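K.L.:
Dropping the structure in here first, questions after.
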Amino acid sequence: HSHQAIAQGLSGTPTSQSYGKSLPIHEFTNHPSFPKAPNASSVTHLVTSVAGHVYHVNFPPEYQSWDSVDPAELFHAPVVKKPCKSSVVRHLQEVTKGVDFIVLWMDCDREGENINFEVLDCCLPQMQGAGPYDRVYRAHFSAINPSDILKAYNSLGKPDRCQSLAVDARQELDLKVGVAFSRFQTRYFQGRYGDNLDSAVLSYGPCQTPTLGFCVARHVEMETFKPEPYWVLDLGIMKSGSMCRAGWDAGRSFSRGKVDALVVKCRDAASSSTPPSARVVSIVVKDKKQGRPVPLNTVALLKACSKALGIGPHHALGVAERLYLSGYLSYPRTES
């Protein structure tokens, strides 16, 4: 787990005191010193984790009824945040009771930034002293090996509220669009097909439904595809025992007559000289520098794994996640 790797990277030892079961707490003292309080005589670190988002968005109870609420009303309805698990909220409140500083180590993407502020909603009231947000910091890192962890710890920044608010907006849109259209199309198709539907609810998702549309469109293309024969020209020239192959600029043609005519033209040109020969019209020489490969983002990673290794997306992300948690590669889920 990442929190264990971060605790070990900070303490420099795998033997820091740990307690708790579902969300363990790792505790160690004085090493390393805290960069934002260099004159502190003693520093006790507590490292723990959360399991994804702390809160989720939902509609208030008065908008939960399918019968009394028109789906269109949901676009103007308020939303409320509710804990995903009350035990996680209590855990965070207990761990941060009386602390002086908080350092946030969530994944360095928008979702991670949003979870940072969810954690702060639980923890800020528990901190010691006035103006607690001034004593909140954010670690920016892309890998969880010891050197990257210490580098991030010694160059702490602040959490980005704008990124968090972007996720809040996306969550509200997902909720309103998803629930409104799910209710609408479920009612619509139930009215037309009744008991013939395979499901009691026909869900709509801003991501899943367009993706399904792409899959269906591709499936229709494959089902209705009619193969057409095409022809290519491949010229082989033997020189000093080596074969030189010349490609055709046009690539391929769906007209056999056109290609046959070019074959005849090539043979006539070759037979006009003894022995048959070809003439080099021009030579272009270029220097080319091959840069080192750039890191893959998530989409490029999944494409490469699928095309070159035959590994599916779920398996590929699972392997990438384990390698990341082991400190071998950088964060695999971000697009930045």
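Every chain in the structure tokens takes a letter, A first, then B, and so on in the order presented; its residues are numbered from 1, and the ligands are numbered from 1 following the presented order.
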Determine, counting only C-alpha atoms, which protein, DNA and RNA residues have an atom within 8 Å of an atom of region 197-203 of chain A; residues of the same chain fewer than 6 positions away are not included. Present the result as a list in words.
P.N.:
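The residues satisfying every condition are Gly178, Val179, Phe181, Ser182, Arg183, Gln185, Thr186, Phe189 and Gln190 of chain A.
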K.L.:
Those same residues - all heavy atoms - I'd like them written as a PDB file, in the first residue's frame.
P.N.:
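File produced: result10.pdb:
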```pdb
ATOM      1  N   GLY A 178     -26.648  11.674 -15.008  1.00  0.00           N
ATOM      2  CA  GLY A 178     -26.846  10.232 -14.911  1.00  0.00           C
ATOM      3  C   GLY A 178     -28.204   9.860 -14.347  1.00  0.00           C
ATOM      4  O   GLY A 178     -28.925   9.037 -14.921  1.00  0.00           O
ATOM      5  N   VAL A 179     -28.589  10.471 -13.229  1.00  0.00           N
ATOM      6  CA  VAL A 179     -29.863  10.117 -12.592  1.00  0.00           C
ATOM      7  C   VAL A 179     -31.038  10.600 -13.437  1.00  0.00           C
ATOM      8  O   VAL A 179     -32.020   9.860 -13.636  1.00  0.00           O
ATOM      9  CB  VAL A 179     -29.933  10.699 -11.166  1.00  0.00           C
ATOM     10  CG1 VAL A 179     -31.313  10.439 -10.552  1.00  0.00           C
ATOM     11  CG2 VAL A 179     -28.859  10.079 -10.281  1.00  0.00           C
ATOM     12  N   PHE A 181     -31.306  11.206 -16.728  1.00  0.00           N
ATOM     13  CA  PHE A 181     -31.503  10.426 -17.940  1.00  0.00           C
ATOM     14  C   PHE A 181     -31.825   8.968 -17.637  1.00  0.00           C
ATOM     15  O   PHE A 181     -32.560   8.322 -18.385  1.00  0.00           O
ATOM     16  CB  PHE A 181     -30.272  10.533 -18.847  1.00  0.00           C
ATOM     17  CG  PHE A 181     -30.266  11.763 -19.707  1.00  0.00           C
ATOM     18  CD1 PHE A 181     -29.694  12.939 -19.257  1.00  0.00           C
ATOM     19  CD2 PHE A 181     -30.859  11.762 -20.955  1.00  0.00           C
ATOM     20  CE1 PHE A 181     -29.692  14.088 -20.035  1.00  0.00           C
ATOM     21  CE2 PHE A 181     -30.871  12.904 -21.746  1.00  0.00           C
ATOM     22  CZ  PHE A 181     -30.281  14.067 -21.288  1.00  0.00           C
ATOM     23  N   SER A 182     -31.281   8.420 -16.547  1.00  0.00           N
ATOM     24  CA  SER A 182     -31.622   7.038 -16.172  1.00  0.00           C
ATOM     25  C   SER A 182     -33.106   6.930 -15.853  1.00  0.00           C
ATOM     26  O   SER A 182     -33.789   5.999 -16.300  1.00  0.00           O
ATOM     27  CB  SER A 182     -30.786   6.589 -14.967  1.00  0.00           C
ATOM     28  OG  SER A 182     -29.416   6.497 -15.299  1.00  0.00           O
ATOM     29  N   ARG A 183     -33.630   7.884 -15.071  1.00  0.00           N
ATOM     30  CA  ARG A 183     -35.055   7.862 -14.747  1.00  0.00           C
ATOM     31  C   ARG A 183     -35.903   8.065 -16.001  1.00  0.00           C
ATOM     32  O   ARG A 183     -36.908   7.378 -16.210  1.00  0.00           O
ATOM     33  CB  ARG A 183     -35.385   8.948 -13.714  1.00  0.00           C
ATOM     34  CG  ARG A 183     -34.790   8.692 -12.338  1.00  0.00           C
ATOM     35  CD  ARG A 183     -35.259   9.765 -11.351  1.00  0.00           C
ATOM     36  NE  ARG A 183     -34.610   9.617 -10.050  1.00  0.00           N
ATOM     37  CZ  ARG A 183     -34.871  10.386  -8.994  1.00  0.00           C
ATOM     38  NH1 ARG A 183     -35.768  11.367  -9.106  1.00  0.00           N
ATOM     39  NH2 ARG A 183     -34.240  10.204  -7.847  1.00  0.00           N
ATOM     40  N   GLN A 185     -35.173   7.552 -19.321  1.00  0.00           N
ATOM     41  CA  GLN A 185     -35.204   6.480 -20.312  1.00  0.00           C
ATOM     42  C   GLN A 185     -35.777   5.184 -19.740  1.00  0.00           C
ATOM     43  O   GLN A 185     -36.371   4.396 -20.478  1.00  0.00           O
ATOM     44  CB  GLN A 185     -33.819   6.243 -20.913  1.00  0.00           C
ATOM     45  CG  GLN A 185     -32.776   5.662 -20.003  1.00  0.00           C
ATOM     46  CD  GLN A 185     -31.440   5.500 -20.729  1.00  0.00           C
ATOM     47  OE1 GLN A 185     -31.233   6.034 -21.812  1.00  0.00           O
ATOM     48  NE2 GLN A 185     -30.529   4.747 -20.136  1.00  0.00           N
ATOM     49  N   THR A 186     -35.639   4.965 -18.431  1.00  0.00           N
ATOM     50  CA  THR A 186     -36.263   3.788 -17.827  1.00  0.00           C
ATOM     51  C   THR A 186     -37.782   3.883 -17.941  1.00  0.00           C
ATOM     52  O   THR A 186     -38.453   2.925 -18.349  1.00  0.00           O
ATOM     53  CB  THR A 186     -35.852   3.655 -16.351  1.00  0.00           C
ATOM     54  OG1 THR A 186     -34.430   3.489 -16.268  1.00  0.00           O
ATOM     55  CG2 THR A 186     -36.518   2.440 -15.712  1.00  0.00           C
ATOM     56  N   PHE A 189     -38.877   3.545 -21.793  1.00  0.00           N
ATOM     57  CA  PHE A 189     -38.846   2.195 -22.371  1.00  0.00           C
ATOM     58  C   PHE A 189     -39.769   1.230 -21.629  1.00  0.00           C
ATOM     59  O   PHE A 189     -40.287   0.284 -22.233  1.00  0.00           O
ATOM     60  CB  PHE A 189     -37.415   1.664 -22.397  1.00  0.00           C
ATOM     61  CG  PHE A 189     -36.555   2.322 -23.441  1.00  0.00           C
ATOM     62  CD1 PHE A 189     -35.515   3.162 -23.086  1.00  0.00           C
ATOM     63  CD2 PHE A 189     -36.809   2.123 -24.795  1.00  0.00           C
ATOM     64  CE1 PHE A 189     -34.735   3.780 -24.054  1.00  0.00           C
ATOM     65  CE2 PHE A 189     -36.045   2.740 -25.768  1.00  0.00           C
ATOM     66  CZ  PHE A 189     -34.997   3.573 -25.398  1.00  0.00           C
ATOM     67  N   GLN A 190     -39.990   1.459 -20.327  1.00  0.00           N
ATOM     68  CA  GLN A 190     -40.964   0.637 -19.617  1.00  0.00           C
ATOM     69  C   GLN A 190     -42.364   0.880 -20.181  1.00  0.00           C
ATOM     70  O   GLN A 190     -43.167  -0.047 -20.295  1.00  0.00           O
ATOM     71  CB  GLN A 190     -40.941   0.952 -18.119  1.00  0.00           C
ATOM     72  CG  GLN A 190     -39.788   0.306 -17.369  1.00  0.00           C
ATOM     73  CD  GLN A 190     -39.762   0.697 -15.902  1.00  0.00           C
ATOM     74  OE1 GLN A 190     -40.401   1.671 -15.484  1.00  0.00           O
ATOM     75  NE2 GLN A 190     -39.010  -0.054 -15.102  1.00  0.00           N
TER      76      GLN A 190
END
```
K.L.:
Give me the residues of region 34-95 of chain A that have any atom at most 12 Å from an atom of region 137-140 of chain A; for each, the nearest atom pair and the distance in Å, rounded to one decimal. Use only C-alpha atoms, sort by chain and number, and format it as a tab-separated table.
P.N.:
```
residue	atom	partner	partner_atom	distance
A:Phe34	CA	A:Tyr137	CA	11.5
A:Pro35	CA	A:Tyr137	CA	10.9
A:Lys36	CA	A:Tyr137	CA	9.2
```
K.L.:
Set out as JSON lines a contact list for region 113-224 of chain A and region 50-59 of chain A with a cut-off of 8 Å, giving each residue of region 113-224 of chain A that qualifies its closest atom pair and distance in Å to one decimal, counting only C-alpha atoms, ordered by chain and rising residue number.
P.N.:
```
{"residue": "A:Ile115", "atom": "CA", "partner": "A:His53", "partner_atom": "CA", "distance": 5.7}
{"residue": "A:Glu118", "atom": "CA", "partner": "A:Val54", "partner_atom": "CA", "distance": 6.1}
{"residue": "A:Val119", "atom": "CA", "partner": "A:Val54", "partner_atom": "CA", "distance": 6.9}
{"residue": "A:Gln171", "atom": "CA", "partner": "A:Val57", "partner_atom": "CA", "distance": 7.1}
{"residue": "A:Glu172", "atom": "CA", "partner": "A:Val57", "partner_atom": "CA", "distance": 7.0}
{"residue": "A:Leu175", "atom": "CA", "partner": "A:Asn58", "partner_atom": "CA", "distance": 7.2}
```
K.L.:
If you keep all heavy atoms, can you produce a file of those selected residues as a PDB file, in the first residue's frame?
P.N.:
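result-v2.pdb, written as the output of this step:
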```pdb
ATOM      1  N   ILE A 115      -9.813  14.584  -2.999  1.00  0.00           N
ATOM      2  CA  ILE A 115      -9.783  13.803  -1.766  1.00  0.00           C
ATOM      3  C   ILE A 115      -9.020  14.559  -0.683  1.00  0.00           C
ATOM      4  O   ILE A 115      -9.359  14.492   0.504  1.00  0.00           O
ATOM      5  CB  ILE A 115      -9.165  12.411  -2.020  1.00  0.00           C
ATOM      6  CG1 ILE A 115     -10.025  11.623  -3.009  1.00  0.00           C
ATOM      7  CG2 ILE A 115      -9.037  11.617  -0.718  1.00  0.00           C
ATOM      8  CD1 ILE A 115      -9.410  10.304  -3.452  1.00  0.00           C
ATOM      9  N   GLU A 118     -11.511  16.723   0.922  1.00  0.00           N
ATOM     10  CA  GLU A 118     -12.450  15.911   1.698  1.00  0.00           C
ATOM     11  C   GLU A 118     -11.832  15.543   3.045  1.00  0.00           C
ATOM     12  O   GLU A 118     -12.502  15.582   4.086  1.00  0.00           O
ATOM     13  CB  GLU A 118     -12.830  14.653   0.923  1.00  0.00           C
ATOM     14  CG  GLU A 118     -13.665  14.921  -0.311  1.00  0.00           C
ATOM     15  CD  GLU A 118     -14.001  13.659  -1.076  1.00  0.00           C
ATOM     16  OE1 GLU A 118     -13.424  12.591  -0.774  1.00  0.00           O
ATOM     17  OE2 GLU A 118     -14.843  13.733  -1.991  1.00  0.00           O
ATOM     18  N   VAL A 119     -10.554  15.177   3.007  1.00  0.00           N
ATOM     19  CA  VAL A 119      -9.847  14.855   4.252  1.00  0.00           C
ATOM     20  C   VAL A 119      -9.788  16.084   5.159  1.00  0.00           C
ATOM     21  O   VAL A 119     -10.016  15.999   6.376  1.00  0.00           O
ATOM     22  CB  VAL A 119      -8.432  14.326   3.939  1.00  0.00           C
ATOM     23  CG1 VAL A 119      -7.577  14.252   5.206  1.00  0.00           C
ATOM     24  CG2 VAL A 119      -8.507  12.952   3.277  1.00  0.00           C
ATOM     25  N   GLN A 171     -18.523  15.850 -10.501  1.00  0.00           N
ATOM     26  CA  GLN A 171     -19.347  14.916  -9.735  1.00  0.00           C
ATOM     27  C   GLN A 171     -20.822  15.329  -9.775  1.00  0.00           C
ATOM     28  O   GLN A 171     -21.706  14.485  -9.917  1.00  0.00           O
ATOM     29  CB  GLN A 171     -18.864  14.863  -8.287  1.00  0.00           C
ATOM     30  CG  GLN A 171     -17.535  14.133  -8.091  1.00  0.00           C
ATOM     31  CD  GLN A 171     -17.074  14.153  -6.644  1.00  0.00           C
ATOM     32  OE1 GLN A 171     -17.477  15.007  -5.859  1.00  0.00           O
ATOM     33  NE2 GLN A 171     -16.230  13.206  -6.285  1.00  0.00           N
ATOM     34  N   GLU A 172     -21.076  16.638  -9.639  1.00  0.00           N
ATOM     35  CA  GLU A 172     -22.464  17.109  -9.672  1.00  0.00           C
ATOM     36  C   GLU A 172     -23.077  16.889 -11.049  1.00  0.00           C
ATOM     37  O   GLU A 172     -24.237  16.468 -11.171  1.00  0.00           O
ATOM     38  CB  GLU A 172     -22.530  18.586  -9.283  1.00  0.00           C
ATOM     39  CG  GLU A 172     -23.947  19.140  -9.212  1.00  0.00           C
ATOM     40  CD  GLU A 172     -24.015  20.541  -8.630  1.00  0.00           C
ATOM     41  OE1 GLU A 172     -23.029  20.976  -7.985  1.00  0.00           O
ATOM     42  OE2 GLU A 172     -25.055  21.195  -8.809  1.00  0.00           O
ATOM     43  N   LEU A 175     -23.806  13.178 -11.493  1.00  0.00           N
ATOM     44  CA  LEU A 175     -24.986  12.783 -10.728  1.00  0.00           C
ATOM     45  C   LEU A 175     -26.269  13.237 -11.426  1.00  0.00           C
ATOM     46  O   LEU A 175     -27.192  12.438 -11.645  1.00  0.00           O
ATOM     47  CB  LEU A 175     -24.915  13.378  -9.318  1.00  0.00           C
ATOM     48  CG  LEU A 175     -26.145  13.151  -8.433  1.00  0.00           C
ATOM     49  CD1 LEU A 175     -26.238  11.698  -8.008  1.00  0.00           C
ATOM     50  CD2 LEU A 175     -26.108  14.064  -7.200  1.00  0.00           C
TER      51      LEU A 175
END
```
K.L.:
Taking 4 positions as the minimum chain separation for residues in the same chain, which residues sit within 10 Å of Glu111 (chain A) when counting only C-alpha atoms? Answer as a list in words.
P.N.:
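These residues fall inside the cut-off: Gly52, His53, Met106, Asp107, Ile115, Asn116, Gln163, Ser164, Ala166, Val167, Asp168 and Thr334 of chain A.
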K.L.:
Could you give me, as a PyMOL selection string, the residues within 12 Å of Ile149 (chain A), counting only C-alpha atoms and dropping anything in the same chain fewer than 2 positions from it?
P.N.:
chain A and resi 2-12+32+105+139-147+151-156+327+330
K.L.:
For the structure I just gave you, how does DSSP split region 23-162 of chain A - specifically, which residues are helix (DSSP H, G or I)? Reply as a PyMOL selection string.
P.N.:
chain A and resi 61-63+71-76+86-95+110-126+132-135+146-153+161-162
K.L.:
Would you please work out which residue, of A:Leu233, A:Ser242, A:Lys303, A:Pro276, is nearest to Val263 (chain A) when using only C-alpha atoms?
P.N.:
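Using only C-alpha atoms, Val263 (chain A) sits closest to A:Leu233.
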K.L.:
Might you pull out every residue within 9 Å of Phe101 (chain A), with only C-alpha atoms counted and same-chain residues fewer than 5 positions away left off, and present them as a list in words?
P.N.:
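Non-adjacent residues within range: Lys36, Thr96, Met127, Gln128, Pro132, Tyr133, Asp134, Arg135, Val136 and Tyr137 of chain A.
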K.L.:
Put those residues in a file: C-alpha atoms, as a short mmCIF file (atom, residue, chain, number, x, y, z; two decimals), in the first residue's frame.
P.N.:
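Okay, this is what ended up in result18.cif:
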```cif
data_model
loop_
_atom_site.label_atom_id
_atom_site.label_comp_id
_atom_site.auth_asym_id
_atom_site.auth_seq_id
_atom_site.Cartn_x
_atom_site.Cartn_y
_atom_site.Cartn_z
CA LYS A 36 8.24 23.56 7.94
CA THR A 96 -5.70 14.32 13.66
CA MET A 127 -6.17 20.52 14.67
CA GLN A 128 -4.49 22.41 17.45
CA PRO A 132 -5.18 25.56 10.88
CA TYR A 133 -5.18 25.82 7.06
CA ASP A 134 -1.91 27.78 7.24
CA ARG A 135 -0.36 24.60 8.64
CA VAL A 136 -1.62 22.30 5.89
CA TYR A 137 0.79 21.23 3.14
#
```
K.L.:
Using Å and a single decimal, report how far CA of Asp109 (chain A) sits from CA of His315 (chain A).
P.N.:
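So the two atoms, CA of His315 (chain A) and CA of Asp109 (chain A), lie 21.6 Å apart.
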K.L.:
When DSSP works through the backbone of this structure, what residues of region 76-303 of chain A end up as strand (DSSP E or B), shown as a PyMOL selection string?
P.N.:
chain A and resi 80-83+102-104+136-138+157+231+234-239+242-247+253
K.L.:
Using only N, CA, C and O atoms, please write the residues we just selected to a file, as an mmCIF file, in the first residue's frame.
P.N.:
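Heads up, here's the output in result-v7.cif:
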```cif
data_model
loop_
_atom_site.group_PDB
_atom_site.id
_atom_site.type_symbol
_atom_site.label_atom_id
_atom_site.label_comp_id
_atom_site.auth_asym_id
_atom_site.auth_seq_id
_atom_site.Cartn_x
_atom_site.Cartn_y
_atom_site.Cartn_z
ATOM 1 N N VAL A 80 -26.054 17.208 -1.900
ATOM 2 C CA VAL A 80 -25.439 17.151 -0.575
ATOM 3 C C VAL A 80 -24.323 16.119 -0.606
ATOM 4 O O VAL A 80 -24.361 15.161 -1.391
ATOM 5 N N LYS A 81 -23.321 16.338 0.237
ATOM 6 C CA LYS A 81 -22.219 15.380 0.367
ATOM 7 C C LYS A 81 -22.464 14.505 1.594
ATOM 8 O O LYS A 81 -22.772 15.019 2.673
ATOM 9 N N LYS A 82 -22.314 13.211 1.403
ATOM 10 C CA LYS A 82 -22.493 12.262 2.491
ATOM 11 C C LYS A 82 -21.267 11.374 2.597
ATOM 12 O O LYS A 82 -20.632 11.060 1.574
ATOM 13 N N PRO A 83 -20.901 10.963 3.811
ATOM 14 C CA PRO A 83 -19.722 10.094 3.957
ATOM 15 C C PRO A 83 -19.910 8.773 3.219
ATOM 16 O O PRO A 83 -20.991 8.182 3.261
ATOM 17 N N ILE A 102 -0.563 19.143 9.012
ATOM 18 C CA ILE A 102 -1.052 18.056 8.161
ATOM 19 C C ILE A 102 -0.328 18.139 6.819
ATOM 20 O O ILE A 102 -0.251 19.219 6.218
ATOM 21 N N VAL A 103 0.209 17.010 6.372
ATOM 22 C CA VAL A 103 0.813 16.905 5.042
ATOM 23 C C VAL A 103 -0.012 15.900 4.249
ATOM 24 O O VAL A 103 -0.182 14.753 4.670
ATOM 25 N N LEU A 104 -0.542 16.328 3.124
ATOM 26 C CA LEU A 104 -1.415 15.497 2.298
ATOM 27 C C LEU A 104 -0.600 14.797 1.209
ATOM 28 O O LEU A 104 0.171 15.442 0.490
ATOM 29 N N VAL A 136 -1.310 23.449 6.751
ATOM 30 C CA VAL A 136 -1.620 22.304 5.890
ATOM 31 C C VAL A 136 -0.739 22.373 4.652
ATOM 32 O O VAL A 136 -0.628 23.438 4.018
ATOM 33 N N TYR A 137 -0.120 21.265 4.292
ATOM 34 C CA TYR A 137 0.786 21.226 3.143
ATOM 35 C C TYR A 137 0.452 20.028 2.251
ATOM 36 O O TYR A 137 -0.204 19.081 2.670
ATOM 37 N N ARG A 138 0.950 20.110 1.016
ATOM 38 C CA ARG A 138 0.687 19.073 0.030
ATOM 39 C C ARG A 138 2.009 18.584 -0.555
ATOM 40 O O ARG A 138 2.839 19.385 -1.004
ATOM 41 N N GLY A 157 4.244 21.898 -0.980
ATOM 42 C CA GLY A 157 3.453 23.018 -1.479
ATOM 43 C C GLY A 157 2.108 23.065 -0.767
ATOM 44 O O GLY A 157 1.952 22.549 0.338
ATOM 45 N N TRP A 231 -4.398 -4.535 -54.891
ATOM 46 C CA TRP A 231 -3.125 -4.982 -55.439
ATOM 47 C C TRP A 231 -2.027 -3.995 -55.065
ATOM 48 O O TRP A 231 -2.262 -2.790 -54.929
ATOM 49 N N ASP A 234 5.602 -4.524 -55.740
ATOM 50 C CA ASP A 234 6.794 -4.736 -54.928
ATOM 51 C C ASP A 234 7.947 -5.055 -55.878
ATOM 52 O O ASP A 234 7.969 -6.111 -56.518
ATOM 53 N N LEU A 235 8.897 -4.126 -55.982
ATOM 54 C CA LEU A 235 10.003 -4.274 -56.924
ATOM 55 C C LEU A 235 11.266 -4.696 -56.184
ATOM 56 O O LEU A 235 11.698 -4.045 -55.239
ATOM 57 N N GLY A 236 11.841 -5.825 -56.621
ATOM 58 C CA GLY A 236 13.079 -6.300 -56.013
ATOM 59 C C GLY A 236 14.241 -6.179 -56.990
ATOM 60 O O GLY A 236 14.140 -6.604 -58.149
ATOM 61 N N ILE A 237 15.338 -5.570 -56.551
ATOM 62 C CA ILE A 237 16.514 -5.347 -57.410
ATOM 63 C C ILE A 237 17.711 -6.020 -56.758
ATOM 64 O O ILE A 237 18.065 -5.715 -55.612
ATOM 65 N N MET A 238 18.346 -6.919 -57.483
ATOM 66 C CA MET A 238 19.518 -7.620 -56.964
ATOM 67 C C MET A 238 20.775 -6.863 -57.373
ATOM 68 O O MET A 238 21.000 -6.589 -58.535
ATOM 69 N N LYS A 239 21.605 -6.533 -56.377
ATOM 70 C CA LYS A 239 22.842 -5.793 -56.635
ATOM 71 C C LYS A 239 23.943 -6.361 -55.746
ATOM 72 O O LYS A 239 23.836 -6.331 -54.521
ATOM 73 N N SER A 242 22.983 -8.624 -52.994
ATOM 74 C CA SER A 242 22.020 -8.137 -52.004
ATOM 75 C C SER A 242 20.746 -7.689 -52.700
ATOM 76 O O SER A 242 20.794 -7.116 -53.793
ATOM 77 N N MET A 243 19.620 -7.960 -52.049
ATOM 78 C CA MET A 243 18.333 -7.575 -52.610
ATOM 79 C C MET A 243 17.904 -6.211 -52.056
ATOM 80 O O MET A 243 17.871 -6.000 -50.851
ATOM 81 N N CYS A 244 17.610 -5.314 -52.968
ATOM 82 C CA CYS A 244 17.089 -3.989 -52.588
ATOM 83 C C CYS A 244 15.625 -3.930 -53.007
ATOM 84 O O CYS A 244 15.305 -4.156 -54.178
ATOM 85 N N ARG A 245 14.767 -3.647 -52.080
ATOM 86 C CA ARG A 245 13.334 -3.620 -52.369
ATOM 87 C C ARG A 245 12.867 -2.171 -52.476
ATOM 88 O O ARG A 245 13.182 -1.328 -51.644
ATOM 89 N N ALA A 246 12.101 -1.895 -53.514
ATOM 90 C CA ALA A 246 11.567 -0.549 -53.759
ATOM 91 C C ALA A 246 10.058 -0.566 -53.530
ATOM 92 O O ALA A 246 9.352 -1.408 -54.102
ATOM 93 N N GLY A 247 9.585 0.350 -52.706
ATOM 94 C CA GLY A 247 8.155 0.425 -52.432
ATOM 95 C C GLY A 247 7.445 1.339 -53.414
ATOM 96 O O GLY A 247 8.056 2.191 -54.068
ATOM 97 N N SER A 253 -3.680 -0.316 -54.790
ATOM 98 C CA SER A 253 -4.721 0.124 -55.721
ATOM 99 C C SER A 253 -5.808 -0.945 -55.764
ATOM 100 O O SER A 253 -5.531 -2.143 -55.683
#
```
K.L.:
Here is a test: counting only C-alpha atoms, which residue of A:Phe28, A:Phe225, A:Phe184, A:Tyr331 is nearest to Val69 (chain A)?
P.N.:
A:Phe184
K.L.:
Do you have the CA of Asn114 (chain A)-CA of Ala169 (chain A) distance handy?
P.N.:
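A separation of 10.8 Å between them.
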K.L.:
Using only C-alpha atoms, which protein or nucleic acid residues come within 9 Å of Ser42 (chain A)? Drop anything in the same chain fewer than 5 positions from it, and give the result as an mmCIF file with C-alpha atoms, in the first residue's frame.
P.N.:
```
data_model
loop_
_atom_site.group_PDB
_atom_site.id
_atom_site.type_symbol
_atom_site.label_atom_id
_atom_site.label_comp_id
_atom_site.auth_asym_id
_atom_site.auth_seq_id
_atom_site.Cartn_x
_atom_site.Cartn_y
_atom_site.Cartn_z
ATOM 1 C CA THR A 29 9.590 10.092 15.997
ATOM 2 C CA ASN A 30 12.267 12.709 15.121
ATOM 3 C CA SER A 33 12.849 16.535 10.857
#
```
